[in-house]
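What follows is the content of target_17.cif, which has mmCIF, C-alpha atoms:
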```cif
data_query
loop_
_atom_site.label_atom_id
_atom_site.label_comp_id
_atom_site.auth_asym_id
_atom_site.auth_seq_id
_atom_site.Cartn_x
_atom_site.Cartn_y
_atom_site.Cartn_z
CA MET A 1 0.00 0.00 0.00
CA ASP A 2 2.80 2.42 0.97
CA ASP A 3 4.68 1.61 -2.26
CA ILE A 4 1.65 2.45 -4.38
CA ASN A 5 1.07 5.72 -2.53
CA GLN A 6 4.72 6.63 -3.10
CA LEU A 7 4.34 5.81 -6.79
CA ARG A 8 1.22 7.98 -7.00
CA GLU A 9 3.12 10.86 -5.43
CA ALA A 10 5.96 10.40 -7.91
CA VAL A 11 3.48 10.43 -10.82
CA ARG A 12 1.89 13.64 -9.50
CA ASN A 13 5.30 15.27 -9.48
CA SER A 14 6.16 13.94 -12.94
CA PRO A 15 2.87 13.46 -14.83
CA ASP A 16 4.52 13.00 -18.23
CA ASN A 17 6.90 10.27 -17.04
CA LEU A 18 5.60 7.32 -19.09
CA PRO A 19 7.70 4.50 -17.49
CA LEU A 20 6.60 5.71 -14.05
CA ARG A 21 2.91 5.72 -15.03
CA LYS A 22 3.26 2.24 -16.51
CA PHE A 23 5.01 0.99 -13.36
CA LEU A 24 2.15 2.33 -11.21
CA ALA A 25 -0.49 0.71 -13.44
CA ASN A 26 1.31 -2.65 -13.28
CA ALA A 27 1.63 -2.38 -9.49
CA LEU A 28 -2.11 -1.76 -9.19
CA MET A 29 -2.79 -4.81 -11.36
CA LYS A 30 -0.63 -6.98 -9.09
CA SER A 31 -2.66 -5.73 -6.13
CA GLU A 32 -5.87 -6.60 -8.03
CA ARG A 33 -6.98 -2.97 -7.97
CA TYR A 34 -8.27 -3.27 -11.50
CA GLU A 35 -10.48 -0.18 -11.63
CA GLU A 36 -7.60 2.08 -10.53
CA ALA A 37 -5.26 0.30 -12.94
CA GLU A 38 -7.70 1.02 -15.79
CA VAL A 39 -7.49 4.75 -15.03
CA GLU A 40 -3.68 4.69 -14.96
CA TYR A 41 -3.38 2.71 -18.21
CA LYS A 42 -5.72 5.18 -19.94
CA ASP A 43 -3.67 8.12 -18.64
CA ALA A 44 -0.49 6.45 -19.89
CA LEU A 45 -2.07 5.81 -23.29
CA ARG A 46 -2.70 9.53 -23.64
CA LEU A 47 1.08 9.91 -23.57
CA ALA A 48 1.74 6.92 -25.84
CA PRO A 49 -1.45 6.11 -27.79
CA ASP A 50 0.25 3.45 -29.95
CA SER A 51 1.81 1.45 -27.09
CA THR A 52 0.87 -2.22 -27.47
CA ASP A 53 2.02 -3.05 -23.92
CA LEU A 54 -0.28 -0.42 -22.44
CA LYS A 55 -3.23 -1.61 -24.51
CA VAL A 56 -2.65 -5.18 -23.37
CA GLY A 57 -2.49 -3.95 -19.77
CA LEU A 58 -5.75 -2.02 -20.22
CA ALA A 59 -7.45 -5.07 -21.71
CA GLU A 60 -6.30 -7.14 -18.72
CA ALA A 61 -7.72 -4.48 -16.37
CA PHE A 62 -11.05 -4.78 -18.21
CA GLN A 63 -10.87 -8.55 -17.83
CA GLY A 64 -10.26 -8.20 -14.08
CA GLN A 65 -13.42 -6.09 -13.79
CA LYS A 66 -15.42 -8.48 -16.02
CA LYS A 67 -15.83 -5.76 -18.65
CA THR A 68 -15.62 -8.57 -21.15
CA GLY A 69 -17.13 -6.92 -24.21
CA VAL A 70 -14.98 -3.80 -24.25
CA GLY A 71 -11.92 -5.90 -23.35
CA LEU A 72 -12.51 -8.17 -26.34
CA VAL A 73 -12.92 -5.23 -28.70
CA LEU A 74 -9.57 -3.83 -27.56
CA ILE A 75 -7.57 -7.08 -27.51
CA GLU A 76 -8.94 -8.41 -30.81
CA GLU A 77 -7.52 -5.36 -32.53
CA LEU A 78 -4.07 -6.31 -31.16
CA VAL A 79 -4.13 -10.04 -31.94
CA ASN A 80 -5.24 -9.30 -35.51
CA ARG A 81 -2.08 -7.27 -36.09
CA PRO A 82 1.07 -8.88 -37.54
CA GLN A 83 3.17 -10.57 -34.82
CA PRO A 84 1.14 -9.71 -31.70
CA PRO A 85 2.97 -10.17 -28.39
CA ALA A 86 2.52 -13.42 -26.47
CA ARG A 87 0.89 -11.64 -23.52
CA ALA A 88 -1.84 -10.31 -25.82
CA TRP A 89 -2.80 -13.89 -26.67
CA LEU A 90 -2.86 -14.79 -22.97
CA VAL A 91 -5.19 -11.90 -22.08
CA TYR A 92 -7.31 -12.78 -25.12
CA ALA A 93 -7.62 -16.35 -23.81
CA LYS A 94 -8.83 -15.09 -20.41
CA LEU A 95 -11.41 -12.80 -21.99
CA LEU A 96 -12.66 -15.53 -24.34
CA LEU A 97 -13.04 -17.89 -21.39
CA GLN A 98 -14.91 -15.19 -19.51
CA SER A 99 -17.33 -14.96 -22.46
CA GLN A 100 -17.90 -18.74 -22.45
CA GLN A 101 -15.84 -19.41 -25.60
CA ALA A 102 -13.70 -22.21 -24.21
CA GLU A 103 -12.48 -23.67 -27.51
CA GLU A 104 -11.36 -20.28 -28.82
CA ALA A 105 -9.76 -19.57 -25.42
CA LYS A 106 -7.77 -22.81 -25.68
CA GLU A 107 -6.49 -21.84 -29.13
CA ALA A 108 -5.48 -18.35 -27.95
CA TYR A 109 -3.77 -19.81 -24.86
CA GLU A 110 -1.79 -22.26 -27.00
CA ASN A 111 -0.65 -19.37 -29.21
CA ALA A 112 0.62 -17.56 -26.10
CA ILE A 113 2.55 -20.62 -24.86
CA VAL A 114 4.15 -21.23 -28.26
CA LEU A 115 5.49 -17.69 -28.22
CA ASP A 116 6.51 -17.67 -24.54
CA GLU A 117 6.60 -20.84 -22.45
CA ASN A 118 6.97 -18.73 -19.29
CA LEU A 119 3.36 -17.59 -19.66
CA ARG A 120 2.04 -21.06 -18.83
CA ASP A 121 -0.82 -20.72 -16.33
CA ASN A 122 -1.95 -23.96 -14.67
CA TYR A 123 -5.12 -22.43 -13.25
CA LEU A 124 -6.17 -21.05 -16.64
CA GLU A 125 -5.43 -24.41 -18.30
CA SER A 126 -7.61 -26.28 -15.81
CA GLU A 127 -10.44 -23.74 -16.21
CA ILE A 128 -10.35 -24.06 -19.99
CA ASN A 129 -10.37 -27.86 -19.80
CA LEU A 130 -13.19 -27.82 -17.26
CA ARG A 131 -15.36 -25.53 -19.40
CA MET A 132 -14.74 -27.63 -22.52
CA LYS A 133 -15.91 -30.77 -20.72
CA ALA A 134 -18.87 -29.18 -18.94
CA PRO A 135 -22.34 -30.00 -20.34
CA SER A 136 -24.53 -27.23 -21.64
CA GLU A 137 -26.86 -25.67 -19.09
CA PRO A 138 -30.00 -24.28 -20.74
CA GLU A 139 -31.26 -22.94 -17.45
CA LYS A 140 -28.37 -20.48 -17.43
CA ILE A 141 -29.71 -18.84 -20.56
CA LYS A 142 -32.66 -17.38 -18.66
CA LEU A 143 -33.07 -13.66 -18.46
CA ARG A 144 -31.04 -12.38 -15.55
CA ALA A 145 -29.58 -9.15 -14.28
CA SER A 146 -26.23 -8.73 -12.58
CA GLY A 147 -26.54 -10.35 -9.18
CA ALA A 148 -30.13 -11.46 -9.85
CA GLU A 149 -31.54 -14.92 -9.37
CA ALA A 150 -32.08 -17.02 -12.49
CA GLY A 151 -35.33 -16.11 -14.20
CA GLU A 152 -35.63 -12.68 -12.60
CA ASP A 153 -36.55 -10.02 -15.17
CA ILE A 154 -33.68 -7.62 -15.86
CA ARG A 155 -36.21 -4.81 -16.20
CA ASP A 156 -36.67 -4.86 -12.43
CA GLY A 157 -33.03 -3.85 -12.04
CA ILE A 158 -32.93 -1.00 -14.57
CA ASP A 159 -32.31 2.41 -13.00
CA ILE A 160 -34.86 5.00 -14.06
CA GLU A 161 -34.02 8.69 -13.54
CA ARG A 162 -36.03 11.90 -13.79
CA PRO A 163 -33.18 14.40 -14.28
CA LYS A 164 -33.63 17.88 -12.84
CA VAL A 165 -30.88 19.43 -14.97
CA SER A 166 -31.79 21.22 -18.20
CA PHE A 167 -29.99 22.98 -21.04
CA ASP A 168 -29.54 25.99 -18.75
CA ASP A 169 -27.12 23.82 -16.75
CA VAL A 170 -25.03 22.99 -19.83
CA GLY A 171 -22.46 25.67 -20.61
CA GLY A 172 -22.01 26.57 -24.30
CA MET A 173 -22.77 23.98 -27.02
CA ASP A 174 -25.50 26.19 -28.53
CA LYS A 175 -25.33 24.54 -31.96
CA VAL A 176 -25.51 21.06 -30.45
CA LYS A 177 -28.46 22.05 -28.26
CA GLU A 178 -30.36 23.42 -31.25
CA GLU A 179 -29.93 20.17 -33.19
CA VAL A 180 -31.16 18.18 -30.19
CA ARG A 181 -34.14 20.55 -29.90
CA MET A 182 -35.10 19.97 -33.55
CA LYS A 183 -34.76 16.20 -33.36
CA ILE A 184 -36.10 15.47 -29.87
CA ILE A 185 -37.52 18.40 -27.91
CA HIS A 186 -39.72 20.18 -30.48
CA PRO A 187 -41.45 16.95 -31.62
CA LEU A 188 -42.48 16.24 -28.02
CA LYS A 189 -43.65 19.79 -27.31
CA HIS A 190 -45.42 20.26 -30.67
CA PRO A 191 -46.55 16.76 -31.71
CA GLU A 192 -49.45 18.01 -33.84
CA ILE A 193 -47.12 19.90 -36.20
CA TYR A 194 -44.81 16.92 -36.70
CA LYS A 195 -47.71 14.51 -37.18
CA ALA A 196 -49.18 16.83 -39.84
CA TYR A 197 -46.02 16.19 -41.86
CA GLY A 198 -46.04 12.48 -41.05
CA LYS A 199 -42.96 12.72 -38.87
CA LYS A 200 -42.64 10.21 -36.01
CA ILE A 201 -41.75 11.37 -32.54
CA GLY A 202 -38.54 9.55 -31.68
CA GLY A 203 -35.42 8.36 -33.41
CA GLY A 204 -31.75 8.46 -32.61
CA ILE A 205 -28.91 10.94 -32.26
CA LEU A 206 -25.27 9.95 -32.10
CA LEU A 207 -23.05 12.35 -30.16
CA TYR A 208 -19.35 12.07 -30.90
CA GLY A 209 -16.25 13.97 -29.93
CA PRO A 210 -13.27 13.95 -27.57
CA PRO A 211 -13.72 12.36 -24.13
CA GLY A 212 -14.71 14.52 -21.19
CA CYS A 213 -16.63 17.14 -23.22
CA GLY A 214 -20.07 16.67 -21.70
CA LYS A 215 -21.85 14.18 -23.98
CA THR A 216 -23.39 12.31 -21.03
CA HIS A 217 -24.31 15.55 -19.25
CA LEU A 218 -26.02 16.79 -22.42
CA ALA A 219 -28.04 13.56 -22.73
CA ARG A 220 -29.23 13.86 -19.13
CA ALA A 221 -30.10 17.53 -19.66
CA THR A 222 -32.12 16.57 -22.76
CA ALA A 223 -34.31 14.32 -20.61
CA GLY A 224 -34.64 17.11 -18.03
CA GLU A 225 -35.61 19.60 -20.74
CA VAL A 226 -38.71 17.57 -21.67
CA ALA A 227 -39.37 16.18 -18.16
CA SER A 228 -39.06 12.62 -19.44
CA ASN A 229 -37.68 9.44 -17.93
CA PHE A 230 -33.99 8.74 -18.49
CA ILE A 231 -32.22 5.38 -18.70
CA ALA A 232 -28.42 5.40 -18.92
CA VAL A 233 -27.08 2.16 -20.38
CA GLY A 234 -23.46 1.06 -20.01
CA ILE A 235 -21.81 -1.80 -21.86
CA SER A 236 -21.73 -3.88 -18.66
CA ASP A 237 -25.54 -3.62 -18.43
CA ILE A 238 -25.88 -5.54 -21.68
CA LEU A 239 -22.94 -7.86 -22.32
CA ASP A 240 -23.17 -11.24 -20.62
CA MET A 241 -21.09 -14.39 -20.81
CA TYR A 242 -24.06 -16.68 -21.46
CA ILE A 243 -25.11 -17.39 -25.04
CA GLY A 244 -28.03 -15.24 -26.14
CA GLN A 245 -28.18 -13.39 -22.83
CA SER A 246 -26.75 -10.10 -24.14
CA GLU A 247 -29.48 -9.91 -26.78
CA ARG A 248 -32.14 -10.56 -24.13
CA ASN A 249 -30.70 -7.86 -21.89
CA LEU A 250 -30.76 -5.36 -24.75
CA HIS A 251 -34.35 -6.22 -25.64
CA ALA A 252 -35.43 -5.89 -21.99
CA ILE A 253 -33.91 -2.41 -21.76
CA PHE A 254 -35.72 -1.25 -24.90
CA GLN A 255 -38.98 -2.75 -23.62
CA LYS A 256 -38.60 -0.88 -20.34
CA ALA A 257 -38.07 2.38 -22.25
CA ARG A 258 -41.14 1.68 -24.41
CA SER A 259 -43.23 1.19 -21.28
CA LEU A 260 -42.09 4.57 -19.88
CA LYS A 261 -42.78 6.87 -22.85
CA PRO A 262 -41.60 9.54 -23.23
CA CYS A 263 -38.20 8.19 -22.33
CA VAL A 264 -34.64 9.12 -23.25
CA LEU A 265 -32.54 5.99 -23.67
CA PHE A 266 -28.82 6.80 -23.54
CA PHE A 267 -26.05 4.41 -24.61
CA ASP A 268 -22.55 5.37 -23.52
CA GLU A 269 -19.45 4.06 -25.35
CA VAL A 270 -21.76 2.69 -28.04
CA ASP A 271 -18.78 1.88 -30.30
CA ALA A 272 -17.83 -0.96 -27.92
CA LEU A 273 -21.33 -2.41 -28.29
CA GLY A 274 -21.80 -1.69 -32.00
CA ALA A 275 -18.30 -2.15 -33.42
CA SER A 276 -18.10 -2.89 -37.14
CA ARG A 277 -19.24 -6.45 -37.82
CA SER A 278 -16.62 -6.86 -40.54
CA ASP A 279 -13.94 -6.59 -37.84
CA MET A 280 -15.44 -9.31 -35.63
CA ARG A 281 -14.24 -12.89 -35.60
CA HIS A 282 -17.04 -14.27 -33.44
CA SER A 283 -20.74 -14.51 -34.11
CA ALA A 284 -21.72 -13.52 -30.54
CA GLY A 285 -20.77 -9.88 -31.09
CA ARG A 286 -22.47 -9.79 -34.47
CA ASN A 287 -25.67 -11.18 -32.95
CA VAL A 288 -25.74 -8.35 -30.39
CA ILE A 289 -25.34 -5.76 -33.14
CA ASN A 290 -28.13 -7.36 -35.19
CA GLN A 291 -30.38 -7.29 -32.12
CA PHE A 292 -29.50 -3.63 -31.50
CA LEU A 293 -30.37 -2.72 -35.10
CA ALA A 294 -33.67 -4.60 -34.88
CA GLU A 295 -34.58 -2.72 -31.68
CA LEU A 296 -33.72 0.63 -33.28
CA ASP A 297 -35.88 -0.18 -36.31
CA GLY A 298 -38.87 -0.91 -34.07
CA VAL A 299 -40.24 -3.46 -36.54
CA GLU A 300 -41.93 -5.67 -33.94
CA TYR A 301 -42.40 -2.96 -31.31
CA ASP A 302 -43.36 0.71 -31.53
CA ASN A 303 -40.51 3.10 -30.70
CA GLU A 304 -42.54 6.29 -30.99
CA GLY A 305 -41.83 8.40 -27.91
CA VAL A 306 -38.55 6.58 -27.21
CA LEU A 307 -35.74 9.06 -27.77
CA ILE A 308 -32.42 7.33 -28.29
CA LEU A 309 -29.11 9.07 -27.67
CA ALA A 310 -25.71 7.44 -27.91
CA ALA A 311 -22.22 8.73 -27.26
CA THR A 312 -18.89 7.61 -28.66
CA ASN A 313 -15.33 8.83 -28.80
CA ALA A 314 -14.68 6.72 -31.91
CA PRO A 315 -17.58 6.94 -34.41
CA TRP A 316 -15.34 5.45 -37.13
CA HIS A 317 -15.42 2.11 -35.30
CA LEU A 318 -19.23 2.00 -35.28
CA ASP A 319 -20.91 -0.32 -37.78
CA SER A 320 -22.11 1.74 -40.74
CA ALA A 321 -25.59 0.17 -40.50
CA PHE A 322 -26.25 2.27 -37.38
CA ARG A 323 -26.17 5.43 -39.51
CA ARG A 324 -29.04 4.46 -41.79
CA PRO A 325 -32.25 6.57 -41.72
CA GLY A 326 -34.48 5.75 -38.77
CA ARG A 327 -31.54 4.69 -36.61
CA PHE A 328 -28.80 7.16 -35.62
CA ASP A 329 -29.63 9.36 -38.58
CA ARG A 330 -28.43 12.56 -36.92
CA ILE A 331 -24.72 12.58 -36.04
CA ILE A 332 -23.64 15.55 -33.92
CA PHE A 333 -20.08 16.63 -33.16
CA VAL A 334 -19.58 17.72 -29.53
CA PRO A 335 -16.39 19.83 -29.50
CA PRO A 336 -14.35 20.91 -26.48
CA PRO A 337 -16.06 23.74 -24.56
CA ASP A 338 -15.58 27.24 -25.93
CA GLY A 339 -14.43 30.19 -23.79
CA ALA A 340 -17.86 30.93 -22.31
CA ALA A 341 -18.45 27.27 -21.53
CA ARG A 342 -15.01 26.89 -19.92
CA GLU A 343 -15.72 29.86 -17.66
CA ALA A 344 -19.08 28.35 -16.68
CA ILE A 345 -17.44 24.99 -15.92
CA LEU A 346 -14.70 26.62 -13.84
CA ARG A 347 -17.24 28.61 -11.84
CA ILE A 348 -19.31 25.51 -11.15
CA LYS A 349 -16.30 23.37 -10.18
CA LEU A 350 -14.79 26.09 -7.95
CA LYS A 351 -18.04 26.78 -6.13
CA GLY A 352 -17.76 26.22 -2.39
CA LYS A 353 -13.94 26.25 -2.38
CA PRO A 354 -11.84 28.98 -0.70
CA LEU A 355 -11.18 31.49 -3.51
CA GLY A 356 -9.25 34.70 -3.93
CA ASP A 357 -9.96 37.17 -6.73
CA ILE A 358 -10.10 34.82 -9.76
CA ASN A 359 -9.43 36.33 -13.20
CA TYR A 360 -11.46 34.00 -15.41
CA SER A 361 -10.45 35.78 -18.62
CA ARG A 362 -6.80 34.86 -18.03
CA LEU A 363 -7.73 31.25 -17.25
CA ILE A 364 -9.80 30.93 -20.42
CA LYS A 365 -6.79 31.96 -22.52
CA LYS A 366 -4.58 29.39 -20.76
CA THR A 367 -7.06 26.51 -21.22
CA ASP A 368 -7.85 26.62 -24.94
CA GLY A 369 -8.81 23.13 -26.13
CA PHE A 370 -9.33 21.79 -22.59
CA SER A 371 -12.29 19.49 -22.00
CA GLY A 372 -14.51 19.68 -18.93
CA ALA A 373 -12.59 16.75 -17.47
CA ASP A 374 -9.30 18.56 -18.16
CA LEU A 375 -10.56 21.64 -16.29
CA GLU A 376 -11.49 19.47 -13.33
CA ALA A 377 -7.99 17.99 -13.38
CA VAL A 378 -6.50 21.51 -13.40
CA ILE A 379 -8.52 22.43 -10.31
CA ASP A 380 -7.42 19.21 -8.57
CA LEU A 381 -3.76 20.00 -9.31
CA ALA A 382 -4.17 23.54 -7.98
CA ILE A 383 -5.83 22.24 -4.81
CA GLU A 384 -3.04 19.70 -4.25
CA SER A 385 -0.44 22.48 -4.37
CA LYS A 386 -2.51 24.50 -1.90
CA LEU A 387 -2.88 21.54 0.43
CA GLU A 388 0.89 21.28 0.76
CA GLU A 389 1.03 24.98 1.63
CA ALA A 390 -1.90 24.65 4.05
CA MET A 391 -0.19 21.75 5.86
CA ARG A 392 2.92 23.87 6.37
CA LYS A 393 0.97 26.90 7.60
CA GLY A 394 -1.62 24.94 9.55
CA ALA A 395 -4.52 26.79 7.89
CA PRO A 396 -6.12 26.78 4.42
CA SER A 397 -5.37 29.65 2.05
CA PRO A 398 -7.58 30.67 -0.90
CA LEU A 399 -6.99 29.55 -4.47
CA GLU A 400 -5.63 32.36 -6.63
CA THR A 401 -5.54 32.84 -10.39
CA SER A 402 -1.81 32.06 -10.41
CA ASP A 403 -2.42 28.66 -8.74
CA LEU A 404 -4.83 27.66 -11.49
CA GLU A 405 -2.56 29.02 -14.23
CA ASN A 406 0.39 27.01 -12.91
CA ALA A 407 -1.78 23.90 -12.76
CA ALA A 408 -2.92 24.49 -16.35
CA LYS A 409 0.72 24.59 -17.46
CA LYS A 410 1.31 21.15 -15.91
CA HIS A 411 -1.75 19.55 -17.52
CA ARG A 412 -1.83 18.77 -21.22
CA ALA A 413 -5.22 18.93 -22.95
CA THR A 414 -6.38 15.35 -23.52
CA THR A 415 -8.41 16.46 -26.54
CA LYS A 416 -5.23 16.95 -28.60
CA GLU A 417 -4.61 13.22 -28.81
CA TRP A 418 -8.19 12.62 -29.94
CA PHE A 419 -7.97 15.29 -32.65
CA SER A 420 -4.72 13.84 -33.99
CA THR A 421 -6.58 10.56 -34.64
CA ALA A 422 -9.84 12.17 -35.73
CA LYS A 423 -8.08 14.39 -38.27
CA ASN A 424 -6.83 11.34 -40.18
CA TYR A 425 -10.36 9.93 -40.45
CA ALA A 426 -11.77 13.34 -41.40
CA LEU A 427 -9.17 13.76 -44.17
CA PHE A 428 -8.90 10.25 -45.56
CA ALA A 429 -12.07 8.32 -44.61
CA ASN A 430 -14.77 10.92 -44.99
CA GLU A 431 -16.43 10.19 -48.32
CA ALA A 432 -19.91 10.98 -46.97
CA GLY A 433 -18.76 14.16 -45.24
CA ILE A 434 -19.71 12.85 -41.80
CA TYR A 435 -16.60 14.32 -40.17
CA ASP A 436 -16.58 17.71 -41.92
CA GLU A 437 -17.25 19.41 -38.57
CA ILE A 438 -13.91 18.13 -37.29
CA LEU A 439 -12.18 19.81 -40.23
CA HIS A 440 -14.12 23.04 -39.62
CA TYR A 441 -13.14 22.97 -35.96
CA LEU A 442 -9.47 22.45 -36.88
CA LYS A 443 -9.80 25.18 -39.53
CA ILE A 444 -8.60 22.82 -42.23
CA LYS A 445 -11.67 23.25 -44.42
#
```
Please express the file's structure as structure tokens.
Amino acid sequence: MDDINQLREAVRNSPDNLPLRKFLANALMKSERYEEAEVEYKDALRLAPDSTDLKVGLAEAFQGQKKTGVGLVLIEELVNRPQPPARAWLVYAKLLLQSQQAEEAKEAYENAIVLDENLRDNYLESEINLRMKAPSEPEKIKLRASGAEAGEDIRDGIDIERPKVSFDDVGGMDKVKEEVRMKIIHPLKHPEIYKAYGKKIGGGILLYGPPGCGKTHLARATAGEVASNFIAVGISDILDMYIGQSERNLHAIFQKARSLKPCVLFFDEVDALGASRSDMRHSAGRNVINQFLAELDGVEYDNEGVLILAATNAPWHLDSAFRRPGRFDRIIFVPPPDGAAREAILRIKLKGKPLGDINYSRLIKKTDGFSGADLEAVIDLAIESKLEEAMRKGAPSPLETSDLENAAKKHRATTKEWFSTAKNYALFANEAGIYDEILHYLKIK
């Protein structure tokens, strides 16, 4: 425990030290602190986005938390590359076993051992052999929620919210808000006008952009704006190791939303759930996508009044079928907050803290391109420096503009890494003009 705390302190003092960050992430994995390790691996990947070792470590952290679906998406990209490392095959084997694919897990494990005999894992071998010999258990394919008894309806465990936030609580993003109004809010408030033109009330919007820029907050505010129910769906709410269970979970969630009209149904990290089927080696993932598309189409069930929002940091990994009319037919770019939005975020995050005379205009200039999450990190860094001073003096002192400026110098905007990737897609894989807004934002077009 003391060693990890010392490592954390060292990382705080040297945030761009990649070997140090990697060492901390590996230490957390050894201590089975998988959730914390996930955070550290992601931070390290911001410094080295092409590092195979870090991606393997992140996939193993997902496996430790039973985030099987997103772990498989990440690790399959690595093992499909030329000459993947042996450890990637080992992590792949663990994830495949976790998703009840014992034969594929055995093959992946054998690949790992061929490349590196030192990776032999007796426990994993016995688990693979046990699963391959075990008879099928149809009773396990009943509808179940996490931690629920077999046969219990997952709909009983779905969290329903009635958000109190509205667009007034979302700083900036005026263009994004207007598009959401046209697609979702106006149809609900003026149904007679839309019905006169034969327009259904419902449909889907895909929000994409750099991480930490308020996509989830905007979705929640959309529900608050129309006083509707809100269901936030994570990948772990859907993906299940038992055959056919993920599709049942997805159907149950849609059915719950249909029973609560009007309802905003929000899917976070939808690219992990709806990754391109052409990139998938296993039918299980393709079946989930097919189920998702069928639910969006509302062929067997009426989706009118169900407002579907989804967020992704990587829209280019999403299966193209999701962008057909009637599904996610409106794709909206959510950029980093502009100056006015950054000031609003800083004021909200600094509320209740001891403050001096803060010059927000100076801070806005120093934080160009920062996401909301970046601004929160800047405030945390400034507070940490003040805590050291307070401990020496024995009393807290107020945060000043200079403290926040110094913290901003130490923190690099995480959006820059995203834009470096997004620019390539916008320039070279943008035949339909989907990513033109990225080029406009970067002032390339």
Could you tell me, as a count of residues only, exactly which residues end up selected when the PyMOL selection byres ((chain A and resi 341-345) around 9) is applied to this structure?
25
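Interatomic distance, atom CA of A:Phe328 to atom CA of A:Ser228: 19.9 Å.
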Around all of stretch 120-124 of chain A's listed atoms, make the axis-aligned box with 6 Å on each side and tell me centre and edge lengths in Å to one decimal, as lines of an AutoDock Vina configuration file.
```
center_x = -2.1
center_y = -22.3
center_z = -16.0
size_x = 20.2
size_y = 15.2
size_z = 17.6
```
Top pick for closest residue to A:Ile205, considering A:Ile332, A:Leu296, A:Ile158, A:Leu318 and counting only C-alpha atoms:
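Smallest separation from A:Ile205 among the options: A:Ile332.
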What lies within 12 Å of A:Val264 using only C-alpha atoms, ignoring chain neighbours under 2 positions off, as an MDAnalysis selection string?
chainID A and resid 160:163 180 184:185 188 201:205 216 218:233 253:254 256:262 266:267 303:310
Kindly provide, as a list in words, the polymer residues lying within 7 Å of (-16.7, 18.6, -30.4), counting all atoms listed in the file and using the coordinates exactly as they appear in the file.
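The residues that fall inside the cut-off are Gly209, Pro210, Phe333, Val334, Pro335 and Pro336 of chain A.
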Figure out the distance between atom CA of A:Tyr41 and atom CA of A:Lys22, please, to one decimal in Å.
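Separation of atom CA of A:Lys22 and atom CA of A:Tyr41: 6.9 Å.
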Which residue, A:Glu300, A:Val114, A:Lys177, A:Tyr242, has the smallest gap to A:Ser99 when you use all atoms listed in the file?
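Of the candidates, the smallest distance to A:Ser99 is held by A:Tyr242.
Computed from the coordinates, the atom CA of A:Gly69 to atom CA of A:Gly234 distance equals 11.0 Å.
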